[in-house]
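The file query_8.pdb contains PDB, C-alpha atoms, pLDDT in the B column:
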```
ATOM      1  CA  MET A   1     113.145  96.932 138.365  1.00 36.00           C
ATOM      2  CA  GLY A   2     115.574  99.749 137.750  1.00 40.00           C
ATOM      3  CA  VAL A   3     118.732  97.624 137.641  1.00 45.00           C
ATOM      4  CA  ALA A   4     119.394  97.453 133.916  1.00 51.00           C
ATOM      5  CA  SER A   5     123.144  97.892 133.802  1.00 50.00           C
ATOM      6  CA  LYS A   6     126.028  96.009 132.190  1.00 56.00           C
ATOM      7  CA  ILE A   7     128.194  94.475 134.867  1.00 57.00           C
ATOM      8  CA  THR A   8     130.456  91.483 135.067  1.00 63.00           C
ATOM      9  CA  PRO A   9     129.268  88.395 136.970  1.00 61.00           C
ATOM     10  CA  GLY A  10     130.001  88.661 140.664  1.00 64.00           C
ATOM     11  CA  GLU A  11     129.463  92.422 140.777  1.00 64.00           C
ATOM     12  CA  ALA A  12     125.685  92.073 141.307  1.00 60.00           C
ATOM     13  CA  THR A  13     125.926  92.625 145.018  1.00 65.00           C
ATOM     14  CA  ALA A  14     123.284  94.305 147.152  1.00 62.00           C
ATOM     15  CA  SER A  15     125.405  97.452 147.453  1.00 67.00           C
ATOM     16  CA  ARG A  16     125.900  97.582 143.649  1.00 64.00           C
ATOM     17  CA  ILE A  17     122.164  97.271 143.052  1.00 61.00           C
ATOM     18  CA  TYR A  18     121.539 100.009 145.618  1.00 58.00           C
ATOM     19  CA  ASP A  19     124.041 102.263 143.814  1.00 64.00           C
ATOM     20  CA  ILE A  20     122.276 101.683 140.494  1.00 61.00           C
ATOM     21  CA  LEU A  21     118.877 102.498 142.008  1.00 60.00           C
ATOM     22  CA  ALA A  22     120.245 105.626 143.681  1.00 63.00           C
ATOM     23  CA  ASP A  23     121.716 106.895 140.395  1.00 60.00           C
ATOM     24  CA  ARG A  24     118.922 109.144 139.068  1.00 55.00           C
ATOM     25  CA  ARG A  25     120.782 110.079 135.845  1.00 57.00           C
ATOM     26  CA  HIS A  26     119.085 107.120 134.171  1.00 50.00           C
ATOM     27  CA  PRO A  27     115.303 106.545 134.015  1.00 50.00           C
ATOM     28  CA  LEU A  28     113.943 103.675 136.103  1.00 50.00           C
ATOM     29  CA  GLN A  29     111.739 102.572 133.227  1.00 46.00           C
ATOM     30  CA  SER A  30     112.207 102.858 129.499  1.00 46.00           C
ATOM     31  CA  HIS A  31     109.606 103.028 126.756  1.00 44.00           C
ATOM     32  CA  PRO A  32     110.096 102.674 123.004  1.00 46.00           C
ATOM     33  CA  SER A  33     110.052 106.075 121.389  1.00 47.00           C
ATOM     34  CA  GLY A  34     110.758 107.741 118.104  1.00 47.00           C
ATOM     35  CA  PRO A  35     108.850 108.235 114.868  1.00 50.00           C
ATOM     36  CA  ALA A  36     108.394 104.503 114.297  1.00 49.00           C
ATOM     37  CA  PHE A  37     106.652 103.994 117.625  1.00 46.00           C
ATOM     38  CA  GLY A  38     104.840 107.173 118.709  1.00 51.00           C
ATOM     39  CA  PRO A  39     103.802 107.630 122.342  1.00 57.00           C
ATOM     40  CA  PRO A  40     104.459 104.619 124.609  1.00 57.00           C
ATOM     41  CA  ILE A  41     100.796 103.906 125.270  1.00 52.00           C
ATOM     42  CA  ASP A  42     100.054 103.678 121.545  1.00 58.00           C
ATOM     43  CA  THR A  43     102.872 101.176 121.193  1.00 60.00           C
ATOM     44  CA  MET A  44     101.563  98.967 123.998  1.00 53.00           C
ATOM     45  CA  LEU A  45      98.011  99.056 122.673  1.00 53.00           C
ATOM     46  CA  HIS A  46      99.186  98.264 119.160  1.00 58.00           C
ATOM     47  CA  ARG A  47     101.109  95.221 120.391  1.00 55.00           C
ATOM     48  CA  ILE A  48      98.102  93.980 122.341  1.00 51.00           C
ATOM     49  CA  GLN A  49      95.878  94.386 119.280  1.00 55.00           C
ATOM     50  CA  GLN A  50      98.247  92.171 117.306  1.00 59.00           C
ATOM     51  CA  TYR A  51      97.338  89.250 119.581  1.00 60.00           C
ATOM     52  CA  SER A  52      93.600  89.739 120.027  1.00 60.00           C
ATOM     53  CA  GLY A  53      90.732  90.964 117.910  1.00 60.00           C
ATOM     54  CA  GLY A  54      88.023  93.416 118.898  1.00 61.00           C
ATOM     55  CA  HIS A  55      85.831  90.484 119.911  1.00 63.00           C
ATOM     56  CA  GLY A  56      88.284  89.327 122.617  1.00 60.00           C
ATOM     57  CA  VAL A  57      89.580  86.286 120.760  1.00 61.00           C
ATOM     58  CA  ALA A  58      93.238  85.607 119.987  1.00 60.00           C
ATOM     59  CA  ASN A  59      94.339  86.356 116.420  1.00 71.00           C
ATOM     60  CA  ILE A  60      96.594  83.320 116.530  1.00 78.00           C
ATOM     61  CA  ASP A  61      95.477  79.721 116.883  1.00 83.00           C
ATOM     62  CA  ILE A  62      95.714  78.779 120.570  1.00 84.00           C
ATOM     63  CA  SER A  63      93.419  75.754 120.347  1.00 85.00           C
ATOM     64  CA  GLY A  64      96.243  73.214 120.637  1.00 87.00           C
ATOM     65  CA  PRO A  65      97.436  71.473 123.799  1.00 86.00           C
ATOM     66  CA  ASP A  66     100.407  73.854 124.107  1.00 85.00           C
ATOM     67  CA  PHE A  67      97.925  76.510 125.229  1.00 86.00           C
ATOM     68  CA  ASP A  68      95.973  74.393 127.728  1.00 86.00           C
ATOM     69  CA  PHE A  69      97.399  76.596 130.476  1.00 88.00           C
ATOM     70  CA  VAL A  70      95.224  79.459 129.163  1.00 88.00           C
ATOM     71  CA  ARG A  71      92.083  77.344 129.353  1.00 90.00           C
ATOM     72  CA  SER A  72      93.053  76.130 132.831  1.00 92.00           C
ATOM     73  CA  ILE A  73      92.617  79.641 134.265  1.00 95.00           C
ATOM     74  CA  ARG A  74      89.401  79.990 136.254  1.00 96.00           C
ATOM     75  CA  VAL A  75      88.339  83.205 137.975  1.00 97.00           C
ATOM     76  CA  PHE A  76      85.789  83.159 140.815  1.00 98.00           C
ATOM     77  CA  ASN A  77      83.967  86.216 142.111  1.00 98.00           C
ATOM     78  CA  VAL A  78      82.540  85.123 145.467  1.00 97.00           C
ATOM     79  CA  THR A  79      80.143  87.003 147.738  1.00 97.00           C
ATOM     80  CA  ALA A  80      78.629  85.010 150.598  1.00 95.00           C
ATOM     81  CA  ARG A  81      76.995  85.783 153.955  1.00 95.00           C
ATOM     82  CA  GLN A  82      75.494  83.585 156.610  1.00 94.00           C
ATOM     83  CA  ARG A  83      74.122  84.705 159.995  1.00 93.00           C
ATOM     84  CA  LEU A  84      71.371  84.282 162.533  1.00 92.00           C
ATOM     85  CA  GLN A  85      68.663  86.918 162.251  1.00 88.00           C
ATOM     86  CA  GLY A  86      65.472  87.912 164.062  1.00 85.00           C
ATOM     87  CA  SER A  87      63.901  86.876 167.332  1.00 82.00           C
ATOM     88  CA  GLN A  88      63.562  83.291 166.106  1.00 81.00           C
ATOM     89  CA  GLU A  89      67.225  83.347 165.128  1.00 84.00           C
ATOM     90  CA  ASP A  90      66.554  82.138 161.624  1.00 91.00           C
ATOM     91  CA  CYS A  91      69.616  81.260 159.590  1.00 92.00           C
ATOM     92  CA  VAL A  92      69.885  83.672 156.674  1.00 93.00           C
ATOM     93  CA  ARG A  93      72.216  82.702 153.841  1.00 93.00           C
ATOM     94  CA  HIS A  94      73.106  84.499 150.668  1.00 95.00           C
ATOM     95  CA  ALA A  95      75.718  83.473 148.115  1.00 96.00           C
ATOM     96  CA  ASN A  96      76.552  84.791 144.685  1.00 97.00           C
ATOM     97  CA  VAL A  97      79.340  82.922 142.905  1.00 97.00           C
ATOM     98  CA  ARG A  98      80.398  83.593 139.338  1.00 98.00           C
ATOM     99  CA  MET A  99      83.072  81.627 137.530  1.00 98.00           C
ATOM    100  CA  GLY A 100      84.982  83.044 134.569  1.00 96.00           C
ATOM    101  CA  VAL A 101      86.679  80.733 132.081  1.00 95.00           C
ATOM    102  CA  TYR A 102      88.676  81.042 128.879  1.00 92.00           C
ATOM    103  CA  GLY A 103      87.435  79.282 125.759  1.00 90.00           C
ATOM    104  CA  THR A 104      89.319  77.509 122.999  1.00 89.00           C
ATOM    105  CA  GLN A 105      90.594  80.724 121.394  1.00 85.00           C
ATOM    106  CA  GLY A 106      90.984  82.771 124.579  1.00 84.00           C
ATOM    107  CA  ASN A 107      87.490  84.248 124.731  1.00 88.00           C
ATOM    108  CA  PHE A 108      86.483  84.933 128.354  1.00 91.00           C
ATOM    109  CA  SER A 109      82.993  84.327 129.726  1.00 94.00           C
ATOM    110  CA  TRP A 110      81.237  84.383 133.119  1.00 96.00           C
ATOM    111  CA  HIS A 111      78.874  81.687 134.430  1.00 96.00           C
ATOM    112  CA  ASP A 112      76.763  81.578 137.592  1.00 97.00           C
ATOM    113  CA  VAL A 113      77.756  78.597 139.734  1.00 97.00           C
ATOM    114  CA  GLY A 114      77.015  77.353 143.239  1.00 94.00           C
ATOM    115  CA  VAL A 115      79.137  77.577 146.371  1.00 94.00           C
ATOM    116  CA  GLY A 116      80.148  73.946 145.839  1.00 93.00           C
ATOM    117  CA  SER A 117      82.044  74.931 142.685  1.00 96.00           C
ATOM    118  CA  VAL A 118      84.513  77.106 144.592  1.00 96.00           C
ATOM    119  CA  PRO A 119      87.938  75.390 144.750  1.00 96.00           C
ATOM    120  CA  ARG A 120      89.068  73.792 148.010  1.00 94.00           C
ATOM    121  CA  ALA A 121      91.993  76.231 148.233  1.00 96.00           C
ATOM    122  CA  PHE A 122      89.539  79.123 148.692  1.00 97.00           C
ATOM    123  CA  VAL A 123      89.563  80.470 152.259  1.00 96.00           C
ATOM    124  CA  GLY A 124      86.390  81.787 153.907  1.00 93.00           C
ATOM    125  CA  LEU A 125      83.569  79.385 153.064  1.00 93.00           C
ATOM    126  CA  GLY A 126      84.608  76.491 155.302  1.00 89.00           C
ATOM    127  CA  LYS A 127      81.582  76.820 157.635  1.00 89.00           C
ATOM    128  CA  TYR A 128      79.054  78.043 155.073  1.00 90.00           C
ATOM    129  CA  GLY A 129      75.947  75.859 155.248  1.00 86.00           C
ATOM    130  CA  GLN A 130      76.756  74.411 158.694  1.00 85.00           C
ATOM    131  CA  ASN A 131      74.645  75.227 161.787  1.00 87.00           C
ATOM    132  CA  CYS A 132      74.709  78.893 160.833  1.00 90.00           C
ATOM    133  CA  PRO A 133      77.982  80.228 162.233  1.00 90.00           C
ATOM    134  CA  ALA A 134      78.637  83.783 161.062  1.00 92.00           C
ATOM    135  CA  VAL A 135      80.277  83.841 157.630  1.00 93.00           C
ATOM    136  CA  SER A 136      80.998  86.907 155.534  1.00 95.00           C
ATOM    137  CA  VAL A 137      83.301  86.803 152.531  1.00 96.00           C
ATOM    138  CA  ARG A 138      83.854  88.858 149.392  1.00 97.00           C
ATOM    139  CA  ALA A 139      86.762  87.781 147.257  1.00 97.00           C
ATOM    140  CA  VAL A 140      88.168  87.181 143.825  1.00 97.00           C
ATOM    141  CA  PHE A 141      89.943  83.855 143.458  1.00 97.00           C
ATOM    142  CA  VAL A 142      92.039  82.865 140.446  1.00 97.00           C
ATOM    143  CA  GLU A 143      93.365  79.366 139.892  1.00 96.00           C
ATOM    144  CA  TRP A 144      95.450  77.886 137.090  1.00 94.00           C
ATOM    145  CA  ARG A 145      97.745  75.080 136.019  1.00 92.00           C
ATOM    146  CA  ASP A 146     101.010  76.017 134.333  1.00 89.00           C
ATOM    147  CA  TYR A 147     102.504  74.299 131.302  1.00 84.00           C
ATOM    148  CA  GLU A 148     103.884  71.549 133.588  1.00 88.00           C
ATOM    149  CA  GLN A 149     100.456  71.093 135.249  1.00 89.00           C
ATOM    150  CA  ASN A 150     101.575  72.648 138.552  1.00 93.00           C
ATOM    151  CA  TYR A 151      98.614  74.115 140.432  1.00 94.00           C
ATOM    152  CA  GLY A 152      98.617  77.759 141.467  1.00 95.00           C
ATOM    153  CA  PHE A 153      96.083  80.205 142.880  1.00 96.00           C
ATOM    154  CA  GLU A 154      95.651  83.695 144.277  1.00 97.00           C
ATOM    155  CA  GLN A 155      92.859  85.044 146.469  1.00 97.00           C
ATOM    156  CA  VAL A 156      92.102  88.719 147.012  1.00 97.00           C
ATOM    157  CA  ASN A 157      89.545  89.545 149.681  1.00 96.00           C
ATOM    158  CA  TYR A 158      87.810  92.887 149.398  1.00 93.00           C
TER     159      TYR A 158
END
```

Kindly present the structure from the file in structure tokens form.
Amino acid sequence: MGVASKITPGEATASRIYDILADRRHPLQSHPSGPAFGPPIDTMLHRIQQYSGGHGVANIDISGPDFDFVRSIRVFNVTARQRLQGSQEDCVRHANVRMGVYGTQGNFSWHDVGVGSVPRAFVGLGKYGQNCPAVSVRAVFVEWRDYEQNYGFEQVNY
């Protein structure tokens, strides 16, 4: 965030943070460098490879209950349309819903599911399947439970 600076408690005021950000003598972001690390991107990729194999599975055992939060993550790719069409005003519906889940060792896979599998927190499908009001939604929805089982989600419409 560009505010890495040693200060005493109480000096972290808004004006002090602004002064730190305005000081361009120091980089806003640092990367490991030197002969032991090589270019920054190589370092990041190397660290990622330490935790997962080429087959997308963690190199450490994450099958225990401490890692249930990983398996709680579900990703939904939702495309749905509903509208009246033609002179007879036929109701035309189309839905494509895919759900992505993480397996025991962190392997990710997609599955085709129905509209009914979309979580209640999802916004945009409330009238889908009812008397044919116009519905058009394209979104990615991610839901999870953290290590304390608190529910969280994020929806990105596109």

**Q.** 7 Å contact set for range 145-156 of chain A, all atoms listed in the file, chain neighbours under 3 positions out, as an MDAnalysis selection string
**A.** chainID A and resid 69 72 139:142

Q: Skip Lys127 in chain A itself and residues of its chain fewer than 4 positions away, then list as a list in words all residues within 12 Å of it, counting only C-alpha atoms.
A: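 These residues fall inside the cut-off: Ala80, Arg81, Gln82, Arg83, Arg93, Val115, Val123, Asn131, Cys132, Pro133, Ala134, Val135, Ser136 and Val137 of chain A.
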
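All protein, DNA and RNA residues at most 9 Å from (74.5, 82.1, 145.9) are Val78, Thr79, Ala80, Arg93, His94, Ala95, Asn96, Val97, Arg98, Asp112, Val113, Gly114 and Val115 of chain A, using all atoms listed in the file.
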
Q: Tell me, in Å to one decimal, how far CA of Ser109 in chain A is from CA of Asn157 in chain A.
A: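 Interatomic distance here is 21.6 Å.
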
(Q) As an exercise, work out the distance from CA of Leu84 in chain A to CA of Ser117 in chain A in Å and give it to one decimal place. (A)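 Separation between CA of Leu84 in chain A and CA of Ser117 in chain A: 24.4 Å.
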
Q: Select, from A:Arg71, A:Val92, A:Gly103, A:Asp61, the residue with the minimum atom-to-atom distance to Gly129 in chain A, counting all atoms listed in the file.
A: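 Under the stated criterion, the closest residue is A:Val92.
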
Q) Looking at A:Thr104, A:Arg138, A:Leu125, A:Arg120, which one is nearest to Phe67 in chain A, with distances taken over only C-alpha atoms? A)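 Of the candidates, the smallest distance to Phe67 in chain A is held by A:Thr104.
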
Q. So how far away is CA of Gly100 in chain A from CA of Val70 in chain A, in Å?
A.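 Distance reported for this atom pair: 12.1 Å.
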